[in-house]
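Visitor: Got a structure for you, entry-v5.cif, holding mmCIF, C-alpha atoms.
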```
data_protein
loop_
_atom_site.label_atom_id
_atom_site.label_comp_id
_atom_site.auth_asym_id
_atom_site.auth_seq_id
_atom_site.Cartn_x
_atom_site.Cartn_y
_atom_site.Cartn_z
CA MET R 1 0.00 0.00 0.00
CA LYS R 2 2.88 2.33 0.84
CA GLU R 3 4.34 1.78 -2.62
CA CYS R 4 0.94 2.63 -4.17
CA ASP R 5 0.89 5.94 -2.25
CA TYR R 6 4.42 6.80 -3.32
CA VAL R 7 3.80 5.96 -6.95
CA THR R 8 0.53 7.92 -6.99
CA GLU R 9 2.43 10.91 -5.56
CA ILE R 10 5.02 10.87 -8.33
CA MET R 11 2.58 10.32 -11.20
CA PRO R 12 1.92 14.06 -11.79
CA ILE R 13 5.66 14.73 -11.84
CA ALA R 14 6.01 11.95 -14.41
CA LEU R 15 3.27 13.61 -16.47
CA ASP R 16 5.32 16.81 -16.57
CA GLY R 17 8.36 14.74 -17.66
CA LEU R 18 10.31 15.79 -14.58
CA LEU R 19 10.81 12.40 -12.94
CA ASN R 20 14.37 11.24 -12.20
CA ASP R 21 15.55 7.87 -13.52
CA GLU R 22 15.23 6.09 -10.20
CA ASP R 23 11.59 7.13 -9.69
CA LYS R 24 10.82 6.44 -13.33
CA ALA R 25 12.04 2.87 -12.88
CA ARG R 26 10.07 2.55 -9.64
CA LEU R 27 6.87 3.77 -11.33
CA ASN R 28 7.31 1.45 -14.31
CA ALA R 29 8.05 -1.54 -12.09
CA HIS R 30 5.04 -0.87 -9.87
CA ILE R 31 2.41 -0.44 -12.56
CA VAL R 32 3.33 -3.83 -13.97
CA VAL R 33 2.27 -5.52 -10.75
CA CYS R 34 -0.52 -3.22 -9.50
CA ASP R 35 -3.71 -3.10 -11.58
CA ARG R 36 -5.19 -0.17 -9.65
CA CYS R 37 -2.15 2.08 -10.07
CA ARG R 38 -1.75 1.06 -13.72
CA ALA R 39 -5.37 2.05 -14.39
CA LEU R 40 -4.89 5.38 -12.60
CA TRP R 41 -1.66 6.09 -14.50
CA GLU R 42 -3.29 5.27 -17.84
CA ALA R 43 -6.27 7.47 -16.95
CA MET R 44 -3.96 10.37 -16.01
CA ARG R 45 -2.15 10.08 -19.32
CA GLU R 46 -5.38 9.84 -21.30
CA VAL R 47 -6.87 12.88 -19.56
CA SER R 48 -3.65 14.83 -20.11
CA ALA R 49 -3.69 13.93 -23.78
CA LEU R 50 -7.35 14.90 -24.04
CA LEU R 51 -6.75 18.29 -22.41
CA ALA R 52 -3.67 18.91 -24.52
CA GLN R 53 -5.75 18.22 -27.63
CA ALA R 54 -8.52 20.67 -26.74
CA PRO R 55 -8.05 23.86 -28.74
CA MET R 56 -8.09 27.45 -27.49
CA SER R 57 -11.68 28.74 -27.61
CA THR R 58 -12.10 31.96 -29.54
CA PRO R 59 -14.69 34.72 -29.06
CA SER R 60 -17.02 35.94 -31.80
CA PRO R 61 -15.46 37.98 -34.65
CA GLU R 62 -17.27 41.12 -33.39
CA PHE R 63 -15.61 40.84 -29.98
CA THR R 64 -13.00 43.60 -30.41
CA GLY R 65 -15.60 45.98 -31.86
CA ARG R 66 -17.90 45.34 -28.91
CA VAL R 67 -15.16 45.97 -26.36
CA MET R 68 -14.15 49.22 -28.05
CA ALA R 69 -17.80 50.35 -28.29
CA ARG R 70 -18.30 49.66 -24.58
CA LEU R 71 -15.07 51.44 -23.79
CA GLU R 72 -16.14 54.53 -25.77
CA ARG R 73 -19.56 54.52 -24.06
CA GLU R 74 -17.96 54.26 -20.63
CA THR R 75 -15.38 56.94 -21.41
CA LEU R 76 -18.12 59.29 -22.68
CA LEU R 77 -20.19 58.56 -19.58
CA LYS R 78 -17.20 59.33 -17.40
CA VAL R 79 -16.66 62.67 -19.17
CA ARG R 80 -20.37 63.49 -18.79
CA LEU R 81 -20.31 62.51 -15.14
CA ARG R 82 -17.23 64.63 -14.59
CA LEU R 83 -18.78 67.64 -16.35
CA GLY R 84 -22.02 67.08 -14.45
CA GLY R 85 -20.03 66.83 -11.24
CA ILE R 86 -18.21 70.09 -11.97
CA LEU R 87 -21.51 71.85 -12.77
CA LEU R 88 -23.12 70.46 -9.62
CA PHE R 89 -20.14 71.55 -7.54
CA TRP R 90 -20.17 75.12 -8.87
CA ALA R 91 -23.94 75.41 -8.58
CA ALA R 92 -23.75 74.25 -4.95
CA TYR R 93 -20.81 76.60 -4.33
CA VAL R 94 -22.60 79.65 -5.77
CA GLU R 95 -25.76 78.80 -3.85
CA THR R 96 -23.83 78.44 -0.60
CA LEU R 97 -22.10 81.81 -1.14
CA ALA R 98 -25.43 83.46 -1.93
CA MET R 99 -26.97 81.97 1.20
CA LEU R 100 -24.01 83.12 3.32
CA LEU R 101 -24.18 86.64 1.94
CA MET R 102 -27.90 86.71 2.52
CA GLY R 103 -27.32 85.49 6.07
CA VAL R 104 -24.73 88.22 6.78
CA LEU R 105 -26.97 90.94 5.38
CA LEU R 106 -30.01 89.63 7.20
CA GLY R 107 -28.05 89.34 10.42
CA TRP R 108 -26.78 92.89 10.02
CA ALA R 109 -30.19 94.27 9.16
CA ILE R 110 -32.05 92.45 11.93
CA TRP R 111 -29.65 92.26 14.90
CA ILE R 112 -26.53 94.37 14.44
CA PHE R 113 -27.91 97.45 12.68
CA PRO R 114 -30.33 98.23 15.56
CA ALA R 115 -27.40 97.99 18.02
CA LYS R 116 -25.30 100.38 15.93
CA GLY R 117 -24.75 102.87 18.75
CA LEU R 118 -23.27 100.23 21.06
CA LEU R 119 -21.01 98.93 18.27
CA LEU R 120 -19.72 102.41 17.52
CA ARG R 121 -18.73 102.90 21.13
CA LEU R 122 -16.98 99.52 21.42
CA ALA R 123 -15.53 98.85 18.00
CA LEU R 124 -12.23 99.83 16.47
CA ARG R 125 -11.80 102.20 13.57
CA TRP R 126 -11.64 99.52 10.83
CA LEU R 127 -14.82 98.00 12.14
CA TRP R 128 -16.37 101.43 12.03
CA ARG R 129 -15.45 101.73 8.33
CA LEU R 130 -16.76 98.24 7.58
CA GLY R 131 -19.83 99.16 9.56
CA LEU R 132 -20.38 102.16 7.30
CA VAL R 133 -20.28 99.96 4.22
CA LEU R 134 -22.61 97.39 5.71
CA GLU R 135 -24.82 100.12 7.08
CA SER R 136 -25.33 101.62 3.65
CA LEU R 137 -25.97 98.14 2.24
CA ALA R 138 -28.39 97.41 5.02
CA LYS R 139 -30.17 100.74 4.47
CA VAL R 140 -30.81 99.78 0.89
CA ALA R 141 -31.70 96.16 1.51
CA GLY R 142 -32.74 96.07 5.16
CA SER R 143 -36.49 96.19 4.95
CA PHE R 144 -36.41 94.32 1.68
CA LEU R 145 -34.31 91.51 3.20
CA GLN R 146 -36.55 91.25 6.23
CA THR R 147 -39.49 90.54 3.99
CA LEU R 148 -37.26 88.13 2.07
CA LEU R 149 -36.42 86.01 5.14
CA PRO R 150 -39.32 83.50 4.92
CA PRO R 151 -38.99 82.83 1.15
CA ALA R 152 -35.17 82.63 1.50
CA THR R 153 -35.52 80.01 4.23
CA ALA R 154 -38.01 78.09 2.12
CA PHE R 155 -35.62 78.33 -0.86
CA ALA R 156 -32.74 76.96 1.22
CA ILE R 157 -34.83 74.02 2.44
CA VAL R 158 -36.25 73.20 -1.00
CA SER R 159 -32.89 73.51 -2.80
CA SER R 160 -31.15 71.30 -0.21
CA GLY R 161 -33.90 68.74 -0.77
CA ILE R 162 -33.37 68.91 -4.53
CA TRP R 163 -29.58 68.41 -4.09
CA ALA R 164 -30.21 65.43 -1.86
CA VAL R 165 -32.61 63.82 -4.39
CA VAL R 166 -30.30 64.52 -7.36
CA LEU R 167 -27.28 63.03 -5.55
CA PHE R 168 -29.28 60.04 -4.35
CA PHE R 169 -30.35 59.12 -7.91
CA LEU R 170 -26.87 59.79 -9.32
CA PHE R 171 -25.24 57.53 -6.74
CA ARG R 172 -27.87 54.85 -7.27
CA ARG R 173 -27.60 54.98 -11.06
CA TYR R 174 -23.81 55.15 -11.40
CA GLY R 175 -22.50 53.89 -8.06
CA TYR R 176 -20.52 55.73 -5.43
CA ALA R 177 -17.16 54.51 -6.69
CA ARG R 178 -17.63 55.85 -10.23
CA ILE R 179 -18.91 59.25 -9.16
CA LEU R 180 -16.32 59.81 -6.48
CA ALA R 181 -13.45 58.40 -8.62
CA MET A 1 10.56 48.19 -24.11
CA SER A 2 8.20 45.44 -25.29
CA GLU A 3 5.44 46.08 -27.80
CA ASP A 4 2.81 45.65 -25.05
CA SER A 5 4.55 48.16 -22.79
CA ARG A 6 4.76 50.62 -25.67
CA LEU A 7 1.02 50.24 -26.33
CA VAL A 8 0.20 50.68 -22.65
CA SER A 9 2.25 53.89 -22.53
CA GLU A 10 0.49 55.14 -25.66
CA ILE A 11 -2.93 54.46 -24.15
CA LEU A 12 -1.97 56.17 -20.91
CA SER A 13 -0.89 59.23 -22.86
CA GLY A 14 -4.39 59.46 -24.37
CA ASN A 15 -4.42 57.27 -27.48
CA ILE A 16 -7.38 55.03 -26.61
CA GLY A 17 -7.31 53.54 -30.13
CA ALA A 18 -4.09 51.68 -29.24
CA PHE A 19 -6.15 49.57 -26.85
CA ARG A 20 -7.74 47.88 -29.89
CA GLN A 21 -4.38 46.23 -30.67
CA LEU A 22 -4.10 44.86 -27.16
CA VAL A 23 -7.66 43.48 -27.35
CA GLU A 24 -6.87 41.87 -30.72
CA SER A 25 -3.69 40.28 -29.38
CA TYR A 26 -5.13 38.85 -26.18
CA LYS A 27 -8.83 38.29 -26.85
CA SER A 28 -8.46 34.53 -27.40
CA GLN A 29 -6.37 33.98 -24.28
CA VAL A 30 -8.77 35.96 -22.12
CA TYR A 31 -11.90 34.44 -23.66
CA ASN A 32 -10.55 30.88 -23.45
CA LEU A 33 -9.76 31.19 -19.74
CA ALA A 34 -13.21 32.68 -19.07
CA TYR A 35 -14.88 29.97 -21.13
CA ARG A 36 -12.99 27.12 -19.46
CA LEU A 37 -13.82 28.51 -16.03
CA LEU A 38 -17.44 29.50 -16.60
CA GLY A 39 -18.42 26.85 -19.11
CA ASP A 40 -20.79 29.05 -21.07
CA CYS A 41 -20.05 30.94 -24.32
CA ALA A 42 -22.24 33.99 -23.65
CA GLU A 43 -21.08 34.37 -20.07
CA ALA A 44 -17.47 33.93 -21.16
CA GLU A 45 -17.81 36.66 -23.78
CA ASP A 46 -19.31 39.05 -21.20
CA ALA A 47 -16.57 38.19 -18.72
CA ALA A 48 -13.88 38.72 -21.35
CA GLN A 49 -15.33 42.14 -22.24
CA GLU A 50 -15.49 43.05 -18.57
CA THR A 51 -11.87 41.93 -18.15
CA PHE A 52 -10.69 44.28 -20.89
CA LEU A 53 -12.68 47.19 -19.45
CA ARG A 54 -11.25 46.54 -16.00
CA ALA A 55 -7.77 46.25 -17.46
CA PHE A 56 -8.23 49.57 -19.25
CA LYS A 57 -9.26 51.28 -16.02
CA SER A 58 -6.29 49.79 -14.14
CA LEU A 59 -3.65 50.33 -16.83
CA HIS A 60 -1.93 52.96 -14.68
CA SER A 61 -1.19 50.25 -12.09
CA TYR A 62 0.28 47.79 -14.63
CA ASP A 63 3.85 46.83 -13.76
CA HIS A 64 5.87 46.95 -17.00
CA ASN A 65 8.25 44.29 -15.71
CA ARG A 66 5.46 41.74 -15.66
CA PRO A 67 4.23 40.00 -18.83
CA PHE A 68 1.06 41.72 -19.99
CA ALA A 69 -0.65 38.37 -20.66
CA SER A 70 -0.30 37.12 -17.11
CA TRP A 71 -1.51 40.47 -15.71
CA LEU A 72 -4.57 40.29 -17.97
CA LEU A 73 -5.23 36.63 -17.16
CA SER A 74 -4.97 37.44 -13.48
CA ILE A 75 -7.83 39.96 -13.89
CA THR A 76 -9.82 37.36 -15.86
CA HIS A 77 -9.20 34.70 -13.24
CA HIS A 78 -10.28 36.86 -10.31
CA TYR A 79 -13.36 38.14 -12.12
CA CYS A 80 -14.49 34.63 -13.13
CA ILE A 81 -13.87 33.18 -9.68
CA ASP A 82 -16.00 35.98 -8.21
CA LEU A 83 -18.72 35.19 -10.74
CA LEU A 84 -18.60 31.50 -9.88
CA ARG A 85 -18.81 32.25 -6.17
CA LYS A 86 -21.79 34.55 -6.70
CA ARG A 87 -23.35 31.90 -8.91
CA ARG A 88 -22.92 29.34 -6.16
CA ALA A 89 -24.47 31.70 -3.66
CA GLN A 90 -27.53 32.23 -5.81
CA ALA A 91 -28.83 28.77 -5.11
CA SER A 92 -32.26 29.34 -6.61
CA ALA A 93 -30.83 30.40 -9.96
CA VAL A 94 -28.50 27.44 -10.28
CA LYS A 95 -31.01 25.06 -11.79
CA GLN A 96 -31.85 27.51 -14.56
CA MET A 97 -28.17 28.16 -15.22
CA ALA A 98 -27.37 24.47 -15.39
CA GLU A 99 -30.17 24.09 -17.91
CA ASP A 100 -28.79 26.99 -20.00
CA LEU A 101 -25.32 25.46 -19.85
CA ARG A 102 -26.60 22.13 -21.08
CA VAL A 103 -28.30 23.86 -24.02
CA ASN A 104 -25.17 25.85 -24.89
CA ARG A 105 -22.86 22.87 -24.50
CA GLY A 106 -24.94 20.81 -26.82
CA ARG A 107 -23.60 23.00 -29.60
CA GLY A 108 -19.99 21.91 -29.03
CA ASN A 109 -18.25 18.93 -30.63
CA SER A 110 -17.68 15.72 -28.68
CA LEU A 111 -14.14 16.62 -27.61
CA GLU A 112 -15.41 19.94 -26.26
CA VAL A 113 -18.24 18.24 -24.40
CA GLU A 114 -15.90 15.66 -22.91
CA VAL A 115 -13.42 18.31 -21.78
CA ARG A 116 -16.24 20.46 -20.41
CA GLU A 117 -17.69 17.58 -18.41
CA LEU A 118 -14.29 16.72 -16.99
CA LEU A 119 -13.55 20.29 -15.94
CA ASP A 120 -16.97 20.46 -14.28
CA LYS A 121 -15.82 17.81 -11.84
CA LEU A 122 -13.28 20.22 -10.37
CA GLY A 123 -13.68 23.08 -7.91
CA GLU A 124 -13.23 26.55 -9.40
CA GLU A 125 -9.65 27.15 -8.19
CA ASP A 126 -8.51 23.64 -9.20
CA ARG A 127 -10.11 24.17 -12.62
CA ALA A 128 -8.25 27.46 -13.05
CA VAL A 129 -4.94 25.80 -12.24
CA VAL A 130 -5.59 22.98 -14.73
CA VAL A 131 -6.60 25.40 -17.50
CA LEU A 132 -3.54 27.59 -16.96
CA LYS A 133 -1.32 24.50 -17.01
CA TYR A 134 -2.77 22.75 -20.06
CA TRP A 135 -3.94 25.57 -22.32
CA TYR A 136 -1.32 28.16 -21.50
CA GLY A 137 1.62 25.96 -20.54
CA TYR A 138 2.43 28.11 -17.52
CA ASP A 139 4.76 26.79 -14.84
CA TYR A 140 3.93 26.76 -11.11
CA ARG A 141 5.42 30.22 -10.50
CA GLU A 142 3.45 31.82 -13.32
CA ILE A 143 0.22 30.12 -12.24
CA SER A 144 0.88 31.30 -8.71
CA GLU A 145 1.29 34.91 -9.95
CA ILE A 146 -1.96 34.77 -11.90
CA THR A 147 -4.12 33.08 -9.30
CA GLY A 148 -2.61 34.65 -6.20
CA LEU A 149 -2.06 31.17 -4.69
CA SER A 150 1.31 30.12 -3.31
CA GLU A 151 3.47 27.85 -5.48
CA SER A 152 2.98 24.95 -3.10
CA ALA A 153 -0.78 25.47 -3.19
CA VAL A 154 -0.65 25.43 -7.00
CA LYS A 155 1.33 22.16 -6.92
CA SER A 156 -1.05 20.46 -4.52
CA ARG A 157 -4.13 21.72 -6.37
CA LEU A 158 -2.75 20.48 -9.67
CA TYR A 159 -1.93 17.13 -8.12
CA ARG A 160 -5.39 16.81 -6.61
CA ALA A 161 -7.06 17.97 -9.83
CA ARG A 162 -5.16 15.48 -11.97
CA ARG A 163 -6.03 12.66 -9.64
CA THR A 164 -9.71 13.67 -9.53
CA LEU A 165 -9.79 13.91 -13.32
CA ALA A 166 -8.16 10.49 -13.70
CA GLU A 167 -10.58 8.89 -11.25
CA GLU A 168 -13.56 10.50 -12.97
CA TRP A 169 -12.17 9.38 -16.32
CA LEU A 170 -11.91 5.83 -15.01
CA LYS A 171 -15.48 5.96 -13.72
CA SER A 172 -16.79 7.20 -17.05
CA THR A 173 -14.81 4.75 -19.20
CA GLN A 174 -15.18 1.58 -17.15
CA PRO A 175 -18.91 1.08 -17.81
CA LYS A 176 -18.23 1.65 -21.54
CA ALA A 177 -15.45 -0.94 -21.48
CA GLU A 178 -17.61 -3.41 -19.63
CA GLY A 179 -20.59 -2.71 -21.90
#
```
Show the structure stored in the file as structure tokens.

Guide:
Amino acid sequence: MKECDYVTEIMPIALDGLLNDEDKARLNAHIVVCDRCRALWEAMREVSALLAQAPMSTPSPEFTGRVMARLERETLLKVRLRLGGILLFWAAYVETLAMLLMGVLLGWAIWIFPAKGLLLRLALRWLWRLGLVLESLAKVAGSFLQTLLPPATAFAIVSSGIWAVVLFFLFRRYGYARILA
Amino acid sequence: MSEDSRLVSEILSGNIGAFRQLVESYKSQVYNLAYRLLGDCAEAEDAAQETFLRAFKSLHSYDHNRPFASWLLSITHHYCIDLLRKRRAQASAVKQMAEDLRVNRGRGNSLEVEVRELLDKLGEEDRAVVVLKYWYGYDYREISEITGLSESAVKSRLYRARRTLAEEWLKSTQPKAEG
């Protein structure tokens, strides 16, 4: 039984033609006397021959064209996604700046402008000059901005919602990895 | 610089058209590995296309000291093994797939069918090792690079696969011989 195990172990090496002379002789001597190992050895050789005979499978003749078409589609999609991403980024950036500016002006008009006297007593000269600029802006826009507060808040809420929905569908359609890549 | 390396550099510098030459050169090798692993023509073609797209996206990470073929076959191998694992996980769909495979295999010649049936007896990693050994003539080190297995694992898998194939061959031929 031990000889069977040893011979079975060296059979694959023999298949690759890498067996040394001593093991080759041992294999040949054993398969003469052992039916089971001889059958296994013959089967290994037959299977090897069968596999060696099997040709390389080839894809359809249109394969290269299909790959290139897919590649062009994906590349175009990537460019579109990138452009869309840039547009989205700038739109969000401009909106954020507008909201910030609106917030500063509203804040000035509602809370700081009424406390002007206190500020003038406490603040430094540069703040006084900045105050003058903001004061004139607030004079122009103050009452107007106060009436604008509710619609501006509604606009901020609605636009954030729209961003969230747009991003959700983009991520779902194209995957996080492709959009963030 | 090899021709493949030159093409890769050209593609990376913006000439996407040069990728066509790489696809032409390696389509059979990639498709054959996918076909031998998946066992279905349509699936193999999809997998081969996916391999080339993945390769295109990862070209910047290609190591020019490595043969392009083995890098590409490594992507094919990993993609197909993932597919096979997902296929195995989708237990409910397996019956339908097996039916589709039988229909598609019926179109092959008898040698193809015989080879296909033999390869089906092996686990996915063992099958990959056998295909890379017999169809591509790779040695243990090269197979190890492609599959990500250690050289000793490749050796033992090949040994086990050959033995399984021989035993299955015996089982399938003995009744014929007796009959």

Visitor: Env of Val8 in chain A: 12 Å cut, atoms = all atoms listed in the file, seq-sep filter 5 positions within chain, self excluded. Answer as a short mmCIF file (atom, residue, chain, number, x, y, z; two decimals) with C-alpha atoms, keeping the file's coordinate frame.

Guide:
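Heads up, here's the output in result_24.cif:
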```cif
data_model
loop_
_atom_site.label_atom_id
_atom_site.label_comp_id
_atom_site.auth_asym_id
_atom_site.auth_seq_id
_atom_site.Cartn_x
_atom_site.Cartn_y
_atom_site.Cartn_z
CA MET A 1 10.56 48.19 -24.11
CA SER A 2 8.20 45.44 -25.29
CA GLU A 3 5.44 46.08 -27.80
CA SER A 13 -0.89 59.23 -22.86
CA GLY A 14 -4.39 59.46 -24.37
CA ASN A 15 -4.42 57.27 -27.48
CA ILE A 16 -7.38 55.03 -26.61
CA GLY A 17 -7.31 53.54 -30.13
CA ALA A 18 -4.09 51.68 -29.24
CA PHE A 19 -6.15 49.57 -26.85
CA ARG A 20 -7.74 47.88 -29.89
CA GLN A 21 -4.38 46.23 -30.67
CA LEU A 22 -4.10 44.86 -27.16
CA VAL A 23 -7.66 43.48 -27.35
CA ALA A 55 -7.77 46.25 -17.46
CA PHE A 56 -8.23 49.57 -19.25
CA LYS A 57 -9.26 51.28 -16.02
CA SER A 58 -6.29 49.79 -14.14
CA LEU A 59 -3.65 50.33 -16.83
CA HIS A 60 -1.93 52.96 -14.68
CA SER A 61 -1.19 50.25 -12.09
CA TYR A 62 0.28 47.79 -14.63
CA ASP A 63 3.85 46.83 -13.76
CA HIS A 64 5.87 46.95 -17.00
CA PHE A 68 1.06 41.72 -19.99
#
```

Visitor: Which of these, A:Ala128, A:Leu84, A:Leu118, A:Ala153, has the shortest distance to chain R once you count all atoms listed in the file?

Guide: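 Closest to chain R of all the choices is A:Leu118.
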
Visitor: Please report the interatomic distance between CA of Leu165 in chain A and CA of Gly39 in chain A in Å with one decimal.

Guide: 16.6 Å

Visitor: Determine which residues of chain R sit within 10 Å of chain A, taking into account only C-alpha atoms, and present them as an MDAnalysis selection string.

Guide: chainID R and resid 8:13 15 39:60 63:68 70:72 74:75

Visitor: What gap, in Å, lies between CA of Ser172 in chain A and CA of Lys121 in chain A?

Guide: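 We find that CA of Ser172 in chain A and CA of Lys121 in chain A lie 11.9 Å from each other.
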
Visitor: To one decimal in Å, tell me the separation between CA of Ser156 in chain A and CA of Val129 in chain A.

Guide: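 Those two atoms sit 10.2 Å apart.
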
Visitor: Starting from the PyMOL selection byres ((chain R and resi 92-99) around 12), expand the selection into actual residues of this file and give them as an NGL selection string.

Guide: :R and (85-91 or 100-107 or 149 or 152-157 or 159-160 or 162-164 or 166-167)

Visitor: Take the PyMOL selection byres ((chain A and resi 142) around 12), run it mentally on this structure, and tell me the resulting residues as an NGL selection string.

Guide: :A and (66-67 or 69-71 or 73-74 or 129 or 132-133 or 136-141 or 143-151 or 154-155)
